[in-house]
Amino acid sequence: MDLESVTCKIYTKYPEQNWIKATDTEFIQEATAIIKAFDYWIPDKIDGQYINSERYFPICFYYHERTLNDPTIILNPDVRPKCLDTSWKYNKYVHSENGHDGAGTILAIINEDGYPESIESYHILGKTNKRIVEGNFKQLGQWKPAIHDGVPVKSQVSRYIYT
C-alpha cells in the first residue's frame, strides 16, 4: 500500500481540556511516522479491484499541563527519562508480571536530578484509586533524567501503572 499519500489532521488533548487542533509540525510528523511504522497494510478491494480508501486512526498525544507554560520542559529530548529501579517493584508496577487489581496512567515531570514532580494520574480502572496508582509510581524512586544537547533537562514521562 502506498503510504506516501498519508495526510494527517491532528488534534491533541491536554487532560481535563477539550480537543485542540494541532498546528505544530512535530505532531504531524510524529503521527505520520506512527502510521508508516505499521508494516502490514492490506489494500481495500471491491469485486477484486483495488480501490482508494480512507482510514481514521486516533493517535492520542497526552501532555502534562506544566508543559503548556514551562519552556524548560523538553518534550522530545535526545534521550528520554529512564527508571533506575529494575527490581521486582518495576516489573510489578509497570509490567504487571503477577496480575493486578487495577491500573492508571501517570503523567509526571522528571526534573534535571531525576526526581518525579507534579505527578498526575488519569484513566483509573479496576479496584484501585488515584492515591494508590500515584503511590506505586512514587515507589519507583529516582529516574535517570532526560538528556538534551548533552545536558540533563526536565521532561515528561507517561507510564501505565498497575496496582
# chains A, B, ... in the order shown; residues from 1 in each chain; ligands from 1
$ residues_around --residues "Lys127 of chain A" --least-positions-apart "4" --cutoff "12 Å" --atoms "only C-alpha atoms" --output "number ranges by chain"
A: 100-104, 132-133, 162-163
$ write_last_selection --atoms "N, CA and C atoms" --output "PDB file, in the first residue's frame"
ATOM      1  N   HIS A 100      -2.978  -8.113  38.463  1.00  0.00           N
ATOM      2  CA  HIS A 100      -3.220  -6.839  39.134  1.00  0.00           C
ATOM      3  C   HIS A 100      -4.713  -6.667  39.395  1.00  0.00           C
ATOM      4  N   ASP A 101      -5.019  -5.714  40.280  1.00  0.00           N
ATOM      5  CA  ASP A 101      -6.408  -5.394  40.594  1.00  0.00           C
ATOM      6  C   ASP A 101      -6.900  -4.172  39.838  1.00  0.00           C
ATOM      7  N   GLY A 102      -5.996  -3.319  39.420  1.00  0.00           N
ATOM      8  CA  GLY A 102      -6.381  -2.104  38.715  1.00  0.00           C
ATOM      9  C   GLY A 102      -5.165  -1.467  38.084  1.00  0.00           C
ATOM     10  N   ALA A 103      -5.399  -0.312  37.448  1.00  0.00           N
ATOM     11  CA  ALA A 103      -4.299   0.372  36.779  1.00  0.00           C
ATOM     12  C   ALA A 103      -4.703   1.815  36.508  1.00  0.00           C
ATOM     13  N   GLY A 104      -3.708   2.613  36.162  1.00  0.00           N
ATOM     14  CA  GLY A 104      -3.949   4.007  35.800  1.00  0.00           C
ATOM     15  C   GLY A 104      -2.757   4.552  35.044  1.00  0.00           C
ATOM     16  N   ILE A 132      -3.467   5.268  45.151  1.00  0.00           N
ATOM     17  CA  ILE A 132      -2.673   4.031  45.063  1.00  0.00           C
ATOM     18  C   ILE A 132      -1.810   4.041  43.802  1.00  0.00           C
ATOM     19  N   VAL A 133      -2.380   4.446  42.669  1.00  0.00           N
ATOM     20  CA  VAL A 133      -1.613   4.484  41.419  1.00  0.00           C
ATOM     21  C   VAL A 133      -0.430   5.437  41.559  1.00  0.00           C
ATOM     22  N   TYR A 162       0.297  -0.442  37.175  1.00  0.00           N
ATOM     23  CA  TYR A 162      -0.623  -1.457  37.692  1.00  0.00           C
ATOM     24  C   TYR A 162      -0.609  -1.450  39.220  1.00  0.00           C
ATOM     25  N   THR A 163      -1.735  -1.825  39.810  1.00  0.00           N
ATOM     26  CA  THR A 163      -1.803  -1.874  41.273  1.00  0.00           C
ATOM     27  C   THR A 163      -2.198  -3.267  41.736  1.00  0.00           C
TER      28      THR A 163
END
$ residues_around --residues "Pro152 of chain A" --least-positions-apart "3" --cutoff "12 Å" --atoms "only C-alpha atoms" --output "PDB file with N, CA and C atoms, in the first residue's frame"
ATOM      1  N   THR A  72      11.136  25.280  29.952  1.00  0.00           N
ATOM      2  CA  THR A  72      12.327  24.497  30.294  1.00  0.00           C
ATOM      3  C   THR A  72      12.059  22.992  30.249  1.00  0.00           C
ATOM      4  N   ILE A  73      10.784  22.596  30.090  1.00  0.00           N
ATOM      5  CA  ILE A  73      10.451  21.173  29.962  1.00  0.00           C
ATOM      6  C   ILE A  73      10.585  20.798  28.499  1.00  0.00           C
ATOM      7  N   ILE A  74      11.477  19.864  28.213  1.00  0.00           N
ATOM      8  CA  ILE A  74      11.753  19.427  26.845  1.00  0.00           C
ATOM      9  C   ILE A  74      10.906  18.185  26.554  1.00  0.00           C
ATOM     10  N   PRO A  77      13.369  15.125  24.103  1.00  0.00           N
ATOM     11  CA  PRO A  77      14.818  15.208  24.328  1.00  0.00           C
ATOM     12  C   PRO A  77      15.562  14.155  23.506  1.00  0.00           C
ATOM     13  N   ASP A  78      16.871  14.312  23.414  1.00  0.00           N
ATOM     14  CA  ASP A  78      17.693  13.336  22.695  1.00  0.00           C
ATOM     15  C   ASP A  78      17.617  11.960  23.366  1.00  0.00           C
ATOM     16  N   VAL A  79      17.615  11.950  24.707  1.00  0.00           N
ATOM     17  CA  VAL A  79      17.490  10.713  25.482  1.00  0.00           C
ATOM     18  C   VAL A  79      16.353  10.925  26.485  1.00  0.00           C
ATOM     19  N   ARG A  80      15.393  10.038  26.489  1.00  0.00           N
ATOM     20  CA  ARG A  80      14.228  10.170  27.369  1.00  0.00           C
ATOM     21  C   ARG A  80      14.560   9.704  28.794  1.00  0.00           C
ATOM     22  N   PRO A  81      13.766  10.154  29.781  1.00  0.00           N
ATOM     23  CA  PRO A  81      13.986   9.696  31.161  1.00  0.00           C
ATOM     24  C   PRO A  81      13.827   8.182  31.256  1.00  0.00           C
ATOM     25  N   ILE A 110       9.920  14.648  35.132  1.00  0.00           N
ATOM     26  CA  ILE A 110      11.157  14.175  35.768  1.00  0.00           C
ATOM     27  C   ILE A 110      12.139  15.342  35.685  1.00  0.00           C
ATOM     28  N   ASN A 111      12.592  15.824  36.848  1.00  0.00           N
ATOM     29  CA  ASN A 111      13.458  17.001  36.831  1.00  0.00           C
ATOM     30  C   ASN A 111      14.897  16.654  36.435  1.00  0.00           C
ATOM     31  N   GLU A 112      15.740  17.676  36.394  1.00  0.00           N
ATOM     32  CA  GLU A 112      17.125  17.503  35.945  1.00  0.00           C
ATOM     33  C   GLU A 112      17.927  16.556  36.839  1.00  0.00           C
ATOM     34  N   ASP A 113      17.472  16.389  38.095  1.00  0.00           N
ATOM     35  CA  ASP A 113      18.157  15.499  39.030  1.00  0.00           C
ATOM     36  C   ASP A 113      17.558  14.093  39.019  1.00  0.00           C
ATOM     37  N   GLY A 114      16.518  13.876  38.210  1.00  0.00           N
ATOM     38  CA  GLY A 114      15.927  12.556  38.082  1.00  0.00           C
ATOM     39  C   GLY A 114      14.780  12.281  39.038  1.00  0.00           C
ATOM     40  N   TYR A 115      14.282  13.319  39.718  1.00  0.00           N
ATOM     41  CA  TYR A 115      13.184  13.101  40.647  1.00  0.00           C
ATOM     42  C   TYR A 115      11.848  13.494  40.023  1.00  0.00           C
ATOM     43  N   TRP A 143      14.859   8.606  38.836  1.00  0.00           N
ATOM     44  CA  TRP A 143      14.985   8.249  37.432  1.00  0.00           C
ATOM     45  C   TRP A 143      16.281   8.803  36.877  1.00  0.00           C
ATOM     46  N   LYS A 144      16.731   8.222  35.794  1.00  0.00           N
ATOM     47  CA  LYS A 144      17.821   8.824  35.027  1.00  0.00           C
ATOM     48  C   LYS A 144      17.169   9.949  34.223  1.00  0.00           C
ATOM     49  N   PRO A 145      17.619  11.199  34.396  1.00  0.00           N
ATOM     50  CA  PRO A 145      16.927  12.305  33.731  1.00  0.00           C
ATOM     51  C   PRO A 145      17.106  12.279  32.213  1.00  0.00           C
ATOM     52  N   ALA A 146      16.221  13.007  31.555  1.00  0.00           N
ATOM     53  CA  ALA A 146      16.330  13.162  30.105  1.00  0.00           C
ATOM     54  C   ALA A 146      17.591  13.961  29.786  1.00  0.00           C
ATOM     55  N   ILE A 147      18.154  13.710  28.608  1.00  0.00           N
ATOM     56  CA  ILE A 147      19.348  14.428  28.154  1.00  0.00           C
ATOM     57  C   ILE A 147      19.008  15.110  26.833  1.00  0.00           C
ATOM     58  N   HIS A 148      19.335  16.402  26.770  1.00  0.00           N
ATOM     59  CA  HIS A 148      19.130  17.149  25.532  1.00  0.00           C
ATOM     60  C   HIS A 148      20.361  18.019  25.302  1.00  0.00           C
ATOM     61  N   ASP A 149      20.961  17.870  24.139  1.00  0.00           N
ATOM     62  CA  ASP A 149      22.213  18.572  23.808  1.00  0.00           C
ATOM     63  C   ASP A 149      23.292  18.307  24.852  1.00  0.00           C
ATOM     64  N   SER A 155      11.759  16.730  31.702  1.00  0.00           N
ATOM     65  CA  SER A 155      10.970  16.172  30.620  1.00  0.00           C
ATOM     66  C   SER A 155       9.764  15.441  31.196  1.00  0.00           C
TER      67      SER A 155
END
$ closest_residue --among "A:Leu84, A:Ile34, A:Ile124, A:Ile28" --to "Ile161 of chain A" --atoms "only C-alpha atoms"
A:Ile124
$ closest_residue --among "A:Ala33, A:Gly150, A:Arg55, A:Ile109" --to "Leu75 of chain A" --atoms "only C-alpha atoms"
A:Ile109
$ residues_around --residues "Tyr160 of chain A" --least-positions-apart "6" --cutoff "10 Å" --atoms "only C-alpha atoms" --output "PyMOL selection string"
chain A and resi 93-96+103-107+121-124+133+137
$ select_by_dssp --residues "segment 2-163 of chain A" --states "helix (DSSP H, G or I)" --output "ChimeraX atom specification"
/A:25-37,65-68,88-95,130-139
$ write_last_selection --atoms "N, CA and C atoms" --output "short mmCIF file (atom, residue, chain, number, x, y, z; two decimals), in the first residue's frame"
data_model
loop_
_atom_site.label_atom_id
_atom_site.label_comp_id
_atom_site.auth_asym_id
_atom_site.auth_seq_id
_atom_site.Cartn_x
_atom_site.Cartn_y
_atom_site.Cartn_z
N THR A 25 4.14 21.20 13.55
CA THR A 25 4.58 20.18 12.59
C THR A 25 5.14 18.94 13.28
N GLU A 26 5.63 19.07 14.53
CA GLU A 26 6.13 17.89 15.24
C GLU A 26 5.02 16.87 15.46
N PHE A 27 3.80 17.33 15.80
CA PHE A 27 2.68 16.42 15.97
C PHE A 27 2.41 15.70 14.66
N ILE A 28 2.37 16.45 13.59
CA ILE A 28 2.05 15.88 12.28
C ILE A 28 3.13 14.89 11.85
N GLN A 29 4.39 15.22 12.04
CA GLN A 29 5.48 14.32 11.68
C GLN A 29 5.43 13.04 12.53
N GLU A 30 5.16 13.21 13.83
CA GLU A 30 5.12 12.04 14.72
C GLU A 30 3.96 11.12 14.36
N ALA A 31 2.78 11.69 14.11
CA ALA A 31 1.62 10.87 13.73
C ALA A 31 1.86 10.17 12.41
N THR A 32 2.44 10.86 11.44
CA THR A 32 2.74 10.25 10.15
C THR A 32 3.73 9.10 10.32
N ALA A 33 4.75 9.31 11.15
CA ALA A 33 5.74 8.24 11.40
C ALA A 33 5.09 7.02 12.04
N ILE A 34 4.14 7.25 12.96
CA ILE A 34 3.45 6.13 13.62
C ILE A 34 2.66 5.33 12.58
N ILE A 35 1.93 6.01 11.73
CA ILE A 35 1.14 5.31 10.71
C ILE A 35 2.05 4.55 9.75
N LYS A 36 3.14 5.16 9.33
CA LYS A 36 4.05 4.50 8.39
C LYS A 36 4.78 3.32 9.04
N ALA A 37 4.86 3.30 10.38
CA ALA A 37 5.56 2.21 11.07
C ALA A 37 4.77 0.91 11.03
N GLU A 65 0.09 19.28 31.98
CA GLU A 65 -0.32 20.69 31.90
C GLU A 65 0.85 21.65 32.08
N ARG A 66 1.85 21.26 32.84
CA ARG A 66 3.02 22.14 33.03
C ARG A 66 3.77 22.41 31.73
N THR A 67 3.64 21.48 30.77
CA THR A 67 4.37 21.68 29.51
C THR A 67 3.80 22.86 28.72
N LEU A 68 2.58 23.30 29.05
CA LEU A 68 1.98 24.44 28.37
C LEU A 68 2.65 25.76 28.75
N TRP A 88 11.86 -5.97 41.46
CA TRP A 88 10.52 -6.55 41.41
C TRP A 88 9.45 -5.47 41.36
N LYS A 89 9.69 -4.30 42.01
CA LYS A 89 8.69 -3.24 42.00
C LYS A 89 8.41 -2.75 40.59
N TYR A 90 9.47 -2.54 39.83
CA TYR A 90 9.29 -2.05 38.46
C TYR A 90 8.52 -3.08 37.63
N ASN A 91 8.91 -4.33 37.75
CA ASN A 91 8.23 -5.38 37.00
C ASN A 91 6.77 -5.52 37.41
N LYS A 92 6.49 -5.36 38.70
CA LYS A 92 5.11 -5.47 39.17
C LYS A 92 4.28 -4.26 38.75
N TYR A 93 4.80 -3.06 38.93
CA TYR A 93 4.01 -1.84 38.69
C TYR A 93 3.93 -1.45 37.22
N VAL A 94 4.94 -1.78 36.44
CA VAL A 94 4.96 -1.36 35.04
C VAL A 94 4.58 -2.51 34.11
N HIS A 95 5.00 -3.73 34.42
CA HIS A 95 4.73 -4.87 33.53
C HIS A 95 3.66 -5.82 34.05
N LYS A 130 -6.74 6.78 42.56
CA LYS A 130 -5.68 7.71 42.19
C LYS A 130 -4.51 7.68 43.18
N ARG A 131 -4.81 7.65 44.47
CA ARG A 131 -3.77 7.66 45.51
C ARG A 131 -2.87 6.43 45.41
N ILE A 132 -3.47 5.27 45.15
CA ILE A 132 -2.67 4.03 45.06
C ILE A 132 -1.81 4.04 43.80
N VAL A 133 -2.38 4.45 42.67
CA VAL A 133 -1.61 4.48 41.42
C VAL A 133 -0.43 5.44 41.56
N GLU A 134 -0.67 6.64 42.08
CA GLU A 134 0.41 7.60 42.27
C GLU A 134 1.44 7.10 43.29
N GLY A 135 0.95 6.42 44.34
CA GLY A 135 1.87 5.86 45.34
C GLY A 135 2.79 4.80 44.75
N ASN A 136 2.25 3.93 43.92
CA ASN A 136 3.08 2.91 43.27
C ASN A 136 4.12 3.55 42.37
N PHE A 137 3.72 4.60 41.64
CA PHE A 137 4.68 5.30 40.78
C PHE A 137 5.80 5.92 41.62
N LYS A 138 5.45 6.54 42.74
CA LYS A 138 6.46 7.17 43.61
C LYS A 138 7.44 6.14 44.16
N GLN A 139 6.97 4.90 44.37
CA GLN A 139 7.86 3.86 44.90
C GLN A 139 8.97 3.49 43.92
#
$ decode --residues "segment 67-93 of chain A" --atoms "N, CA and C atoms" --output "CSV table (one decimal), in the first residue's frame"
chain,number,residue,atom,x,y,z
A,67,THR,N,3.6,21.5,30.8
A,67,THR,CA,4.4,21.7,29.5
A,67,THR,C,3.8,22.9,28.7
A,68,LEU,N,2.6,23.3,29.1
A,68,LEU,CA,2.0,24.4,28.4
A,68,LEU,C,2.6,25.8,28.7
A,69,ASN,N,3.2,25.8,30.0
A,69,ASN,CA,3.6,27.1,30.5
A,69,ASN,C,5.1,27.1,30.9
A,70,ASP,N,5.8,26.0,30.8
A,70,ASP,CA,7.2,25.9,31.3
A,70,ASP,C,8.1,25.6,30.1
A,71,PRO,N,8.7,26.6,29.5
A,71,PRO,CA,9.6,26.3,28.3
A,71,PRO,C,10.8,25.5,28.7
A,72,THR,N,11.1,25.3,30.0
A,72,THR,CA,12.3,24.5,30.3
A,72,THR,C,12.1,23.0,30.2
A,73,ILE,N,10.8,22.6,30.1
A,73,ILE,CA,10.5,21.2,30.0
A,73,ILE,C,10.6,20.8,28.5
A,74,ILE,N,11.5,19.9,28.2
A,74,ILE,CA,11.8,19.4,26.8
A,74,ILE,C,10.9,18.2,26.6
A,75,LEU,N,10.0,18.3,25.6
A,75,LEU,CA,9.1,17.2,25.3
A,75,LEU,C,9.8,16.1,24.5
A,76,ASN,N,10.7,16.4,23.6
A,76,ASN,CA,11.4,15.4,22.8
A,76,ASN,C,12.9,15.5,22.9
A,77,PRO,N,13.4,15.1,24.1
A,77,PRO,CA,14.8,15.2,24.3
A,77,PRO,C,15.6,14.2,23.5
A,78,ASP,N,16.9,14.3,23.4
A,78,ASP,CA,17.7,13.3,22.7
A,78,ASP,C,17.6,12.0,23.4
A,79,VAL,N,17.6,12.0,24.7
A,79,VAL,CA,17.5,10.7,25.5
A,79,VAL,C,16.4,10.9,26.5
A,80,ARG,N,15.4,10.0,26.5
A,80,ARG,CA,14.2,10.2,27.4
A,80,ARG,C,14.6,9.7,28.8
A,81,PRO,N,13.8,10.2,29.8
A,81,PRO,CA,14.0,9.7,31.2
A,81,PRO,C,13.8,8.2,31.3
A,82,LYS,N,14.6,7.6,32.2
A,82,LYS,CA,14.5,6.1,32.3
A,82,LYS,C,14.5,5.8,33.8
A,83,CYS,N,13.6,4.9,34.2
A,83,CYS,CA,13.5,4.5,35.6
A,83,CYS,C,14.8,3.7,36.0
A,84,LEU,N,15.4,4.1,37.1
A,84,LEU,CA,16.6,3.4,37.5
A,84,LEU,C,16.3,2.1,38.2
A,85,ASP,N,15.1,1.9,38.8
A,85,ASP,CA,14.7,0.8,39.5
A,85,ASP,C,14.2,-0.3,38.5
A,86,THR,N,15.0,-1.4,38.5
A,86,THR,CA,14.6,-2.6,37.7
A,86,THR,C,14.3,-3.8,38.5
A,87,SER,N,14.0,-3.5,39.8
A,87,SER,CA,13.7,-4.6,40.7
A,87,SER,C,12.3,-5.2,40.5
A,88,TRP,N,11.9,-6.0,41.5
A,88,TRP,CA,10.5,-6.6,41.4
A,88,TRP,C,9.5,-5.5,41.4
A,89,LYS,N,9.7,-4.3,42.0
A,89,LYS,CA,8.7,-3.2,42.0
A,89,LYS,C,8.4,-2.7,40.6
A,90,TYR,N,9.5,-2.5,39.8
A,90,TYR,CA,9.3,-2.0,38.5
A,90,TYR,C,8.5,-3.1,37.6
A,91,ASN,N,8.9,-4.3,37.8
A,91,ASN,CA,8.2,-5.4,37.0
A,91,ASN,C,6.8,-5.5,37.4
A,92,LYS,N,6.5,-5.4,38.7
A,92,LYS,CA,5.1,-5.5,39.2
A,92,LYS,C,4.3,-4.3,38.7
A,93,TYR,N,4.8,-3.1,38.9
A,93,TYR,CA,4.0,-1.8,38.7
A,93,TYR,C,3.9,-1.4,37.2
